[in-house]
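Please read the structure below before turning to the comments.
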Amino acid sequence: MLKRRDRVIRALRRWFHQQGFVEVQTPILINAPAPEPSIETFCVPGAGISRTHPGKRHDLYLIPSPELHMKRLLAQGMEKIFQITPVFRREEYGKMHLPQFTMLEWYRAGHDYRTLMEDCESLISAAARGAGLEDEIPLEGGGVCSISGPFIKMTVNQAFETYAGWIPGPEPDPDRFDMDMVEKVEPCLPMDRPVFLMDYPASMASLARLKPSDPEVAERVELYAGGMELANGFSELNNPDEQRRRFIKDMEKRRESGLKSYPLPEDFLKTLENMRPAAGMALGIDRLLMFLFGTRDITEVVAFAE
Amino acid sequence: MYESSDLRKGLKILIDGEPYIITDFQFSKPGKGQALYRCKLKNMISGYTMDRTYRSGDKFEPAPLEESHMQYLYNDAEGYHFMDTKTYDQVMLTADQVGDAKNFLKDNMEVDILFFENTPIDITLPIFVELEVTKADPGVKGDTATGATKPVTLETGHKINVPLFIEEGELLKIDTRTGEYVERVKK
């Protein structure tokens with residue numbers, strides 16, 4: 001398994017380098033994560049030393065995603081970057097979740113989420129060849145998933161209307177949305193080809209840009225394959241004022257739910273105005289391997305599951 | 001009290017005053033959405049099964065279950081009767097509650113009886129039991145191919161498959177978790 005894992009990761013790196021991407025490393029311990037209402041981080045108390053106030057210490061956080069720092073690199077002028085890094089999320093433990101897992105993130109300046117979908121189609125195919133597979137990926141429960149040709153595209157509103165019998169619109173009740181997503185929508189998504197679920201309700205976009213032609217939805221896309229969510233991406237929001245408003249709103253939601261509050265990621269907000277329009281995608285490498293190797297147990301694709 | 005993050009397969013919790021066991025469990029988190037805990041639950045008294053999805057922050061009471069070591073006495077039209085060998089208290093389980101355990105249950109066998117609020121609801125046999133073969137056809141001589149088996153009848157009336165060399169009157173060790181033959185026991 002570890003040899004196959006290595007071959008897939010090498011194939012992914014090769015694909016990015018062929019496309020002219022630069023591999024980057026950004027910090028694992030950071031001053032302030034994005035205050036997303038449903039991602040819990042690990043805090044390392046007092047690990048940060050102040051440069052300006054000797055003796056003063058602050059908390060650091062293990063990254064739940066390298067997103068904020070990678071966007072800072074875009075703001076500094078990088079155009080095509082990718083990173084493969086461990087990420088950390090508290091309280092996520094199950095057949096498809098580990099509190100530490102490996103994330104592949106890539107960002108493209110001057111593009112939107114449509115390019116990300118094309119990237120995914122080409123990248124998944126490269127990964128499959130790296131694993132010694134062709135265009136038909138055998139699924140754990142029988143049947144195959146064909147990865148040649150374009151993947152299925154479905155908007156969130158279409159999927160909910162078809163499988164759950166209602167249309168979420170711009171601001172659905174988050175409880176009802178999440179519940180029907182896992183109970184009605186996800187189990188019914190087609191399995192014979194990967195699916196892009198796109199255009200999420202505007203109220204659920206934390207860091208994504210709203211669709212210019214339809215501001216009720218955000219330009220966000222999730223890739224599903226073999227019944228699993230593999231990746232999430234979006235056209236990036238690059239308006240610092242709007243981003244600050246959303247962060248403050250998210251922070252309020254966290255407070256209401258009794259979750260830890262974070263300092264605002266000021267360094268990120270400060271550089272955001274220099275960031276050109278861009279798009280970025282995060283793909284769970286372990287999930288991709290589960291899909292390619294035909295398993296629904298994440299512990300089978302990692303060397304150790306602590 | 002348990003929290004949602006404690007939920008897992010095999011955990012026994014109280015719902016609407018009745019004990020349930022989680023028979024299947026899946027942690028779900030739709031991208032950027034909240035953590036959801038999807039459970040298949042089985043009522044430990046009625047056997048009724050249901051699906052429930054819980055959120056983080058939900059709380060659960062452990063099902064108050066107690067286990068007592070008891071001796072099997074006999075069965076009759078009503079059900080299966082057991083006795084606590086220290087207090088001499090007797091309890092009864094219905095044939096449904098005993099289920100497949102009846103295949104390996106013999107007089108005086110020591111078993112564990114599960115109680116919910118002083119009512120017996122389930123039985124656990126010892127992992128290994130020894131039972132006598134009461135009926136066996138002679139094995140075919142010379143057939144020593146590995147894996148070849150034949151059916152025999154045990155003293156409980158239950159039939160199992162055993163290697164060809166097993167004869168009537170022999171004592172067998174059986175794994176009650178799988179219901180399979182383990183080995184011959186010298187009497």
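Each chain in the structure tokens gets a letter, A, B, ..., in the order shown, and its residues are numbered from 1; ligands are numbered from 1 in order too.
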
Please return, as an mmCIF file with all heavy atoms, in the first residue's frame, all residues of chain B lying within 12 Å of chain A when only C-alpha atoms are considered.
data_model
loop_
_atom_site.group_PDB
_atom_site.id
_atom_site.type_symbol
_atom_site.label_atom_id
_atom_site.label_comp_id
_atom_site.auth_asym_id
_atom_site.auth_seq_id
_atom_site.Cartn_x
_atom_site.Cartn_y
_atom_site.Cartn_z
ATOM 1 N N GLU B 3 -21.025 12.073 24.892
ATOM 2 C CA GLU B 3 -21.228 13.123 23.906
ATOM 3 C C GLU B 3 -21.241 12.490 22.525
ATOM 4 O O GLU B 3 -20.857 11.329 22.376
ATOM 5 C CB GLU B 3 -20.082 14.126 24.001
ATOM 6 C CG GLU B 3 -20.091 14.857 25.321
ATOM 7 C CD GLU B 3 -18.984 15.891 25.405
ATOM 8 O OE1 GLU B 3 -18.391 16.186 24.356
ATOM 9 O OE2 GLU B 3 -18.738 16.370 26.505
ATOM 10 N N SER B 4 -21.641 13.276 21.533
ATOM 11 C CA SER B 4 -21.713 12.726 20.173
ATOM 12 C C SER B 4 -20.391 12.092 19.753
ATOM 13 O O SER B 4 -20.382 11.072 19.085
ATOM 14 C CB SER B 4 -22.056 13.830 19.176
ATOM 15 O OG SER B 4 -23.153 14.546 19.632
ATOM 16 N N SER B 5 -19.266 12.715 20.163
ATOM 17 C CA SER B 5 -17.983 12.184 19.714
ATOM 18 C C SER B 5 -17.641 10.852 20.388
ATOM 19 O O SER B 5 -16.683 10.199 20.015
ATOM 20 C CB SER B 5 -16.870 13.209 19.954
ATOM 21 O OG SER B 5 -16.915 13.668 21.279
ATOM 22 N N ASP B 6 -18.431 10.433 21.406
ATOM 23 C CA ASP B 6 -18.209 9.120 22.020
ATOM 24 C C ASP B 6 -18.945 8.012 21.271
ATOM 25 O O ASP B 6 -18.719 6.836 21.527
ATOM 26 C CB ASP B 6 -18.716 9.111 23.475
ATOM 27 C CG ASP B 6 -17.938 10.080 24.353
ATOM 28 O OD1 ASP B 6 -16.706 10.138 24.186
ATOM 29 O OD2 ASP B 6 -18.556 10.761 25.188
ATOM 30 N N LEU B 7 -19.875 8.388 20.392
ATOM 31 C CA LEU B 7 -20.693 7.375 19.717
ATOM 32 C C LEU B 7 -19.816 6.467 18.869
ATOM 33 O O LEU B 7 -18.919 6.927 18.190
ATOM 34 C CB LEU B 7 -21.751 8.040 18.822
ATOM 35 C CG LEU B 7 -22.804 8.895 19.534
ATOM 36 C CD1 LEU B 7 -23.707 9.563 18.505
ATOM 37 C CD2 LEU B 7 -23.626 8.059 20.500
ATOM 38 N N ARG B 8 -20.061 5.177 18.954
ATOM 39 C CA ARG B 8 -19.380 4.215 18.089
ATOM 40 C C ARG B 8 -20.144 2.900 18.111
ATOM 41 O O ARG B 8 -21.019 2.703 18.947
ATOM 42 C CB ARG B 8 -17.918 4.000 18.509
ATOM 43 C CG ARG B 8 -17.705 3.329 19.872
ATOM 44 C CD ARG B 8 -16.408 3.762 20.481
ATOM 45 N NE ARG B 8 -16.412 5.199 20.698
ATOM 46 C CZ ARG B 8 -15.466 6.025 20.257
ATOM 47 N NH1 ARG B 8 -14.437 5.575 19.599
ATOM 48 N NH2 ARG B 8 -15.551 7.325 20.508
ATOM 49 N N LYS B 9 -19.791 2.030 17.180
ATOM 50 C CA LYS B 9 -20.454 0.731 17.076
ATOM 51 C C LYS B 9 -20.327 -0.016 18.405
ATOM 52 O O LYS B 9 -19.254 -0.068 18.987
ATOM 53 C CB LYS B 9 -19.757 -0.062 15.959
ATOM 54 C CG LYS B 9 -20.628 -1.101 15.309
ATOM 55 C CD LYS B 9 -19.936 -1.578 14.045
ATOM 56 C CE LYS B 9 -20.406 -2.978 13.707
ATOM 57 N NZ LYS B 9 -19.844 -3.438 12.446
ATOM 58 N N ASP B 24 -24.419 0.163 13.730
ATOM 59 C CA ASP B 24 -23.594 0.688 12.653
ATOM 60 C C ASP B 24 -23.417 2.177 12.908
ATOM 61 O O ASP B 24 -24.328 2.832 13.395
ATOM 62 C CB ASP B 24 -24.256 0.444 11.296
ATOM 63 C CG ASP B 24 -23.228 0.448 10.171
ATOM 64 O OD1 ASP B 24 -22.025 0.391 10.473
ATOM 65 O OD2 ASP B 24 -23.629 0.519 9.002
ATOM 66 N N PHE B 25 -22.234 2.684 12.575
ATOM 67 C CA PHE B 25 -21.948 4.068 12.910
ATOM 68 C C PHE B 25 -21.128 4.710 11.806
ATOM 69 O O PHE B 25 -20.216 4.099 11.270
ATOM 70 C CB PHE B 25 -21.162 4.128 14.225
ATOM 71 C CG PHE B 25 -20.622 5.497 14.520
ATOM 72 C CD1 PHE B 25 -21.465 6.480 14.998
ATOM 73 C CD2 PHE B 25 -19.292 5.812 14.269
ATOM 74 C CE1 PHE B 25 -20.990 7.765 15.236
ATOM 75 C CE2 PHE B 25 -18.813 7.092 14.511
ATOM 76 C CZ PHE B 25 -19.667 8.057 15.003
ATOM 77 N N GLN B 26 -21.483 5.939 11.451
ATOM 78 C CA GLN B 26 -20.692 6.662 10.457
ATOM 79 C C GLN B 26 -20.585 8.129 10.830
ATOM 80 O O GLN B 26 -21.596 8.787 11.084
ATOM 81 C CB GLN B 26 -21.345 6.520 9.090
ATOM 82 C CG GLN B 26 -20.361 6.724 7.962
ATOM 83 C CD GLN B 26 -21.044 6.862 6.624
ATOM 84 O OE1 GLN B 26 -22.157 6.393 6.427
ATOM 85 N NE2 GLN B 26 -20.384 7.529 5.704
ATOM 86 N N PHE B 27 -19.348 8.606 10.869
ATOM 87 C CA PHE B 27 -19.115 10.029 11.094
ATOM 88 C C PHE B 27 -19.209 10.730 9.742
ATOM 89 O O PHE B 27 -18.597 10.297 8.779
ATOM 90 C CB PHE B 27 -17.732 10.236 11.702
ATOM 91 C CG PHE B 27 -17.351 11.676 11.860
ATOM 92 C CD1 PHE B 27 -17.825 12.416 12.924
ATOM 93 C CD2 PHE B 27 -16.518 12.297 10.938
ATOM 94 C CE1 PHE B 27 -17.483 13.757 13.065
ATOM 95 C CE2 PHE B 27 -16.168 13.633 11.075
ATOM 96 C CZ PHE B 27 -16.654 14.360 12.148
ATOM 97 N N SER B 28 -19.994 11.780 9.650
ATOM 98 C CA SER B 28 -20.151 12.500 8.390
ATOM 99 C C SER B 28 -19.898 13.974 8.602
ATOM 100 O O SER B 28 -20.232 14.516 9.650
ATOM 101 C CB SER B 28 -21.589 12.372 7.877
ATOM 102 O OG SER B 28 -21.727 11.229 7.117
ATOM 103 N N LYS B 29 -19.324 14.591 7.582
ATOM 104 C CA LYS B 29 -19.127 16.017 7.684
ATOM 105 C C LYS B 29 -19.171 16.559 6.278
ATOM 106 O O LYS B 29 -18.171 16.568 5.578
ATOM 107 C CB LYS B 29 -17.768 16.296 8.328
ATOM 108 C CG LYS B 29 -17.640 17.686 8.895
ATOM 109 C CD LYS B 29 -16.493 17.716 9.886
ATOM 110 C CE LYS B 29 -16.420 19.029 10.606
ATOM 111 N NZ LYS B 29 -16.106 20.148 9.694
ATOM 112 N N PRO B 30 -20.372 16.984 5.832
ATOM 113 C CA PRO B 30 -20.443 17.490 4.457
ATOM 114 C C PRO B 30 -19.559 18.716 4.358
ATOM 115 O O PRO B 30 -19.593 19.565 5.249
ATOM 116 C CB PRO B 30 -21.919 17.844 4.287
ATOM 117 C CG PRO B 30 -22.461 18.020 5.673
ATOM 118 C CD PRO B 30 -21.606 17.192 6.583
ATOM 119 N N GLY B 31 -18.751 18.808 3.314
ATOM 120 C CA GLY B 31 -17.752 19.859 3.154
ATOM 121 C C GLY B 31 -18.151 21.180 3.782
ATOM 122 O O GLY B 31 -19.175 21.737 3.431
ATOM 123 N N LYS B 32 -17.363 21.677 4.681
ATOM 124 C CA LYS B 32 -17.580 22.957 5.364
ATOM 125 C C LYS B 32 -18.845 22.946 6.233
ATOM 126 O O LYS B 32 -19.202 23.965 6.808
ATOM 127 C CB LYS B 32 -17.683 24.126 4.367
ATOM 128 C CG LYS B 32 -16.474 24.214 3.457
ATOM 129 C CD LYS B 32 -15.601 25.383 3.775
ATOM 130 C CE LYS B 32 -14.270 25.269 3.055
ATOM 131 N NZ LYS B 32 -13.274 26.147 3.552
ATOM 132 N N GLY B 33 -19.538 21.826 6.306
ATOM 133 C CA GLY B 33 -20.746 21.758 7.128
ATOM 134 C C GLY B 33 -20.425 21.226 8.506
ATOM 135 O O GLY B 33 -19.271 20.992 8.849
ATOM 136 N N GLN B 34 -21.479 21.029 9.298
ATOM 137 C CA GLN B 34 -21.256 20.586 10.670
ATOM 138 C C GLN B 34 -21.014 19.074 10.735
ATOM 139 O O GLN B 34 -21.361 18.336 9.817
ATOM 140 C CB GLN B 34 -22.469 20.940 11.517
ATOM 141 C CG GLN B 34 -23.746 20.256 11.052
ATOM 142 C CD GLN B 34 -24.955 20.685 11.849
ATOM 143 O OE1 GLN B 34 -24.928 20.733 13.059
ATOM 144 N NE2 GLN B 34 -26.020 21.015 11.142
ATOM 145 N N ALA B 35 -20.424 18.641 11.846
ATOM 146 C CA ALA B 35 -20.182 17.222 12.064
ATOM 147 C C ALA B 35 -21.510 16.534 12.357
ATOM 148 O O ALA B 35 -22.304 17.027 13.155
ATOM 149 C CB ALA B 35 -19.224 17.037 13.221
ATOM 150 N N LEU B 36 -21.764 15.416 11.693
ATOM 151 C CA LEU B 36 -22.990 14.654 11.930
ATOM 152 C C LEU B 36 -22.613 13.209 12.224
ATOM 153 O O LEU B 36 -21.677 12.678 11.635
ATOM 154 C CB LEU B 36 -23.915 14.728 10.713
ATOM 155 C CG LEU B 36 -24.482 16.122 10.403
ATOM 156 C CD1 LEU B 36 -25.217 16.101 9.077
ATOM 157 C CD2 LEU B 36 -25.417 16.585 11.512
ATOM 158 N N TYR B 37 -23.360 12.618 13.151
ATOM 159 C CA TYR B 37 -23.044 11.272 13.603
ATOM 160 C C TYR B 37 -24.222 10.377 13.236
ATOM 161 O O TYR B 37 -25.284 10.461 13.838
ATOM 162 C CB TYR B 37 -22.800 11.281 15.114
ATOM 163 C CG TYR B 37 -21.691 12.234 15.518
ATOM 164 C CD1 TYR B 37 -21.920 13.608 15.640
ATOM 165 C CD2 TYR B 37 -20.407 11.766 15.754
ATOM 166 C CE1 TYR B 37 -20.905 14.483 15.986
ATOM 167 C CE2 TYR B 37 -19.377 12.635 16.098
ATOM 168 C CZ TYR B 37 -19.634 13.993 16.216
ATOM 169 O OH TYR B 37 -18.618 14.840 16.565
ATOM 170 N N ARG B 38 -24.053 9.549 12.208
ATOM 171 C CA ARG B 38 -25.165 8.732 11.711
ATOM 172 C C ARG B 38 -25.106 7.354 12.359
ATOM 173 O O ARG B 38 -24.095 6.669 12.291
ATOM 174 C CB ARG B 38 -25.088 8.601 10.195
ATOM 175 C CG ARG B 38 -25.022 9.946 9.496
ATOM 176 C CD ARG B 38 -24.974 9.774 8.002
ATOM 177 N NE ARG B 38 -26.256 9.308 7.512
ATOM 178 C CZ ARG B 38 -26.426 8.752 6.311
ATOM 179 N NH1 ARG B 38 -25.411 8.574 5.515
ATOM 180 N NH2 ARG B 38 -27.622 8.372 5.930
ATOM 181 N N CYS B 39 -26.210 6.961 12.986
ATOM 182 C CA CYS B 39 -26.230 5.693 13.724
ATOM 183 C C CYS B 39 -27.362 4.807 13.244
ATOM 184 O O CYS B 39 -28.462 5.289 12.968
ATOM 185 C CB CYS B 39 -26.464 5.939 15.212
ATOM 186 S SG CYS B 39 -25.207 6.931 15.989
ATOM 187 N N ASP B 51 -32.778 4.336 12.225
ATOM 188 C CA ASP B 51 -31.651 5.203 11.884
ATOM 189 C C ASP B 51 -31.834 6.534 12.580
ATOM 190 O O ASP B 51 -32.932 7.064 12.623
ATOM 191 C CB ASP B 51 -31.616 5.466 10.372
ATOM 192 C CG ASP B 51 -31.326 4.198 9.588
ATOM 193 O OD1 ASP B 51 -30.496 3.410 10.057
ATOM 194 O OD2 ASP B 51 -31.935 3.999 8.518
ATOM 195 N N ARG B 52 -30.754 7.065 13.123
ATOM 196 C CA ARG B 52 -30.803 8.389 13.730
ATOM 197 C C ARG B 52 -29.521 9.141 13.379
ATOM 198 O O ARG B 52 -28.455 8.547 13.310
ATOM 199 C CB ARG B 52 -30.875 8.288 15.256
ATOM 200 C CG ARG B 52 -32.232 7.894 15.807
ATOM 201 C CD ARG B 52 -33.176 9.120 15.861
ATOM 202 N NE ARG B 52 -34.417 8.800 16.534
ATOM 203 C CZ ARG B 52 -35.429 8.123 16.001
ATOM 204 N NH1 ARG B 52 -35.322 7.675 14.764
ATOM 205 N NH2 ARG B 52 -36.521 7.880 16.691
ATOM 206 N N THR B 53 -29.646 10.441 13.140
ATOM 207 C CA THR B 53 -28.467 11.268 12.905
ATOM 208 C C THR B 53 -28.362 12.294 14.023
ATOM 209 O O THR B 53 -29.333 12.999 14.299
ATOM 210 C CB THR B 53 -28.570 11.966 11.532
ATOM 211 O OG1 THR B 53 -28.714 10.958 10.527
ATOM 212 C CG2 THR B 53 -27.326 12.783 11.237
ATOM 213 N N TYR B 54 -27.209 12.340 14.677
ATOM 214 C CA TYR B 54 -27.013 13.274 15.786
ATOM 215 C C TYR B 54 -25.998 14.352 15.412
ATOM 216 O O TYR B 54 -25.173 14.159 14.527
ATOM 217 C CB TYR B 54 -26.546 12.519 17.034
ATOM 218 C CG TYR B 54 -27.569 11.523 17.523
ATOM 219 C CD1 TYR B 54 -27.411 10.152 17.302
ATOM 220 C CD2 TYR B 54 -28.716 11.952 18.180
ATOM 221 C CE1 TYR B 54 -28.369 9.238 17.730
ATOM 222 C CE2 TYR B 54 -29.675 11.057 18.611
ATOM 223 C CZ TYR B 54 -29.495 9.700 18.383
ATOM 224 O OH TYR B 54 -30.453 8.814 18.798
ATOM 225 N N ARG B 55 -26.059 15.481 16.149
ATOM 226 C CA ARG B 55 -25.144 16.600 15.911
ATOM 227 C C ARG B 55 -24.152 16.683 17.066
ATOM 228 O O ARG B 55 -24.412 16.137 18.134
ATOM 229 C CB ARG B 55 -25.911 17.913 15.884
ATOM 230 C CG ARG B 55 -26.966 17.969 14.840
ATOM 231 C CD ARG B 55 -27.579 19.362 14.822
ATOM 232 N NE ARG B 55 -28.480 19.475 13.694
ATOM 233 C CZ ARG B 55 -29.759 19.156 13.737
ATOM 234 N NH1 ARG B 55 -30.302 18.742 14.861
ATOM 235 N NH2 ARG B 55 -30.515 19.247 12.667
ATOM 236 N N SER B 56 -23.071 17.444 16.846
ATOM 237 C CA SER B 56 -22.191 17.637 17.995
ATOM 238 C C SER B 56 -22.946 18.469 19.016
ATOM 239 O O SER B 56 -23.777 19.301 18.669
ATOM 240 C CB SER B 56 -20.858 18.273 17.627
ATOM 241 O OG SER B 56 -20.984 19.119 16.554
ATOM 242 N N GLY B 57 -22.670 18.188 20.284
ATOM 243 C CA GLY B 57 -23.397 18.893 21.327
ATOM 244 C C GLY B 57 -24.533 18.051 21.875
ATOM 245 O O GLY B 57 -25.000 18.299 22.980
#

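Between Gly17 of chain B and the candidates B:Tyr88, B:Tyr2, B:Tyr74, B:Phe60, the tightest atom-to-atom separation, counting only C-alpha atoms, involves B:Phe60.
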
Could you list, as a PDB file with all heavy atoms, in the first residue's frame, every residue within 9 Å of Lys187 of chain B, counting only C-alpha atoms and ignoring same-chain residues fewer than 2 positions away?
ATOM      1  N   GLU B 170     -18.372 -38.661  21.236  1.00  0.00           N
ATOM      2  CA  GLU B 170     -17.195 -37.833  21.523  1.00  0.00           C
ATOM      3  C   GLU B 170     -17.627 -36.445  22.027  1.00  0.00           C
ATOM      4  O   GLU B 170     -18.725 -35.974  21.743  1.00  0.00           O
ATOM      5  CB  GLU B 170     -16.326 -37.683  20.279  1.00  0.00           C
ATOM      6  CG  GLU B 170     -15.513 -38.928  20.018  1.00  0.00           C
ATOM      7  CD  GLU B 170     -14.486 -38.744  18.915  1.00  0.00           C
ATOM      8  OE1 GLU B 170     -14.902 -38.481  17.759  1.00  0.00           O
ATOM      9  OE2 GLU B 170     -13.298 -38.852  19.210  1.00  0.00           O
ATOM     10  N   LEU B 171     -16.724 -35.814  22.785  1.00  0.00           N
ATOM     11  CA  LEU B 171     -16.991 -34.494  23.334  1.00  0.00           C
ATOM     12  C   LEU B 171     -16.257 -33.454  22.456  1.00  0.00           C
ATOM     13  O   LEU B 171     -15.065 -33.607  22.178  1.00  0.00           O
ATOM     14  CB  LEU B 171     -16.457 -34.448  24.775  1.00  0.00           C
ATOM     15  CG  LEU B 171     -17.035 -33.385  25.704  1.00  0.00           C
ATOM     16  CD1 LEU B 171     -18.553 -33.501  25.800  1.00  0.00           C
ATOM     17  CD2 LEU B 171     -16.412 -33.523  27.100  1.00  0.00           C
ATOM     18  N   VAL B 185     -12.355 -33.010  22.604  1.00  0.00           N
ATOM     19  CA  VAL B 185     -11.918 -32.917  24.009  1.00  0.00           C
ATOM     20  C   VAL B 185     -11.878 -34.335  24.550  1.00  0.00           C
ATOM     21  O   VAL B 185     -12.791 -35.117  24.315  1.00  0.00           O
ATOM     22  CB  VAL B 185     -12.922 -32.085  24.828  1.00  0.00           C
ATOM     23  CG1 VAL B 185     -12.438 -31.916  26.263  1.00  0.00           C
ATOM     24  CG2 VAL B 185     -13.136 -30.729  24.183  1.00  0.00           C
TER      25      VAL B 185
END

For Ile81 of chain A, please output as a short mmCIF file (atom, residue, chain, number, x, y, z; two decimals) with C-alpha atoms, in the first residue's frame all residues within 12 Å (counting only C-alpha atoms; exclusion window: fewer than 3 positions along the same chain).
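Written file, part-v1.cif:
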data_model
loop_
_atom_site.label_atom_id
_atom_site.label_comp_id
_atom_site.auth_asym_id
_atom_site.auth_seq_id
_atom_site.Cartn_x
_atom_site.Cartn_y
_atom_site.Cartn_z
CA ARG A 13 3.63 16.12 -8.22
CA PHE A 16 1.67 19.92 -11.24
CA HIS A 17 5.25 20.42 -12.36
CA GLN A 19 1.58 22.35 -15.69
CA GLY A 20 4.15 24.87 -14.50
CA PHE A 21 3.16 24.94 -10.81
CA VAL A 22 5.65 25.71 -8.06
CA GLU A 23 5.59 23.53 -4.95
CA VAL A 24 5.60 25.63 -1.76
CA GLN A 25 5.79 25.12 1.99
CA THR A 26 3.84 27.32 4.35
CA PRO A 66 -2.79 25.95 4.32
CA GLU A 67 -5.31 28.22 2.57
CA HIS A 69 -0.84 31.47 3.70
CA MET A 70 -1.08 30.15 0.17
CA LYS A 71 -3.33 33.08 -0.71
CA ARG A 72 -0.76 35.40 0.85
CA LEU A 73 1.74 33.95 -1.62
CA LEU A 74 -0.69 34.75 -4.45
CA ALA A 75 -0.91 38.31 -3.12
CA GLN A 76 2.90 38.44 -3.28
CA GLY A 77 2.70 37.66 -6.98
CA MET A 78 2.95 33.87 -7.23
CA ILE A 84 1.12 18.68 -0.08
CA LEU A 104 -3.14 18.69 -1.56
CA GLU A 105 -3.97 22.33 -2.26
CA TRP A 106 -3.42 24.25 -5.44
CA TYR A 107 -4.07 27.86 -6.45
CA ARG A 108 -4.19 29.58 -9.83
CA ALA A 109 -4.10 33.35 -10.23
CA ALA A 278 -7.77 33.48 -8.24
CA ALA A 279 -9.11 30.01 -7.62
CA GLY A 280 -7.97 27.29 -5.27
CA MET A 281 -8.80 23.68 -4.54
#

Inset, instruction - Would you list the contacts of Thr119 of chain B as number ranges by chain, taking every protein, DNA or RNA residue within 10 Å and counting only C-alpha atoms, but skipping same-chain residues closer than 6 positions in sequence? - result: B: 45, 65-66, 91-93, 113

Inset, instruction - Determine, counting only C-alpha atoms, which protein, DNA and RNA residues have an atom within 8 Å of an atom of segment 214-216 of chain A; residues of the same chain fewer than 3 positions away are not included. Present the result as number ranges by chain. - result: A: 169-170, 201-202, 210-211

Inset, instruction - Determine, counting only C-alpha atoms, which protein, DNA and RNA residues have an atom within 10 Å of an atom of Pro99 of chain A; residues of the same chain fewer than 3 positions away are not included. Present the result as a list in words. - result: Glu40, Thr41, Phe42, Pro64, Val87, Phe88, Arg89, Arg90, Glu91, Glu92, Tyr93, Gly94, Ala305 and Glu306 of chain A

Legend entry - Residue nearest Thr153 of chain B - candidates B:Pro19, B:Gly169, B:Gly47, B:Gly10, atoms counted: only C-alpha atoms: B:Gly169

Legend entry - helix (DSSP H, G or I) per DSSP on the backbone: members of segment 22-157 of chain B, as a PyMOL selection string: chain B and resi 95-104

Inset, instruction - Using DSSP on the backbone coordinates, identify all residues within segment 62-98 of chain B classified as strand (DSSP E or B); present the result as an MDAnalysis selection string. - result: chainID B and resid 62 65:75 80:83 90:93

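A straight line drawn from atom CA of Met154 of chain A to atom CA of Asp199 of chain A is 8.7 Å long.
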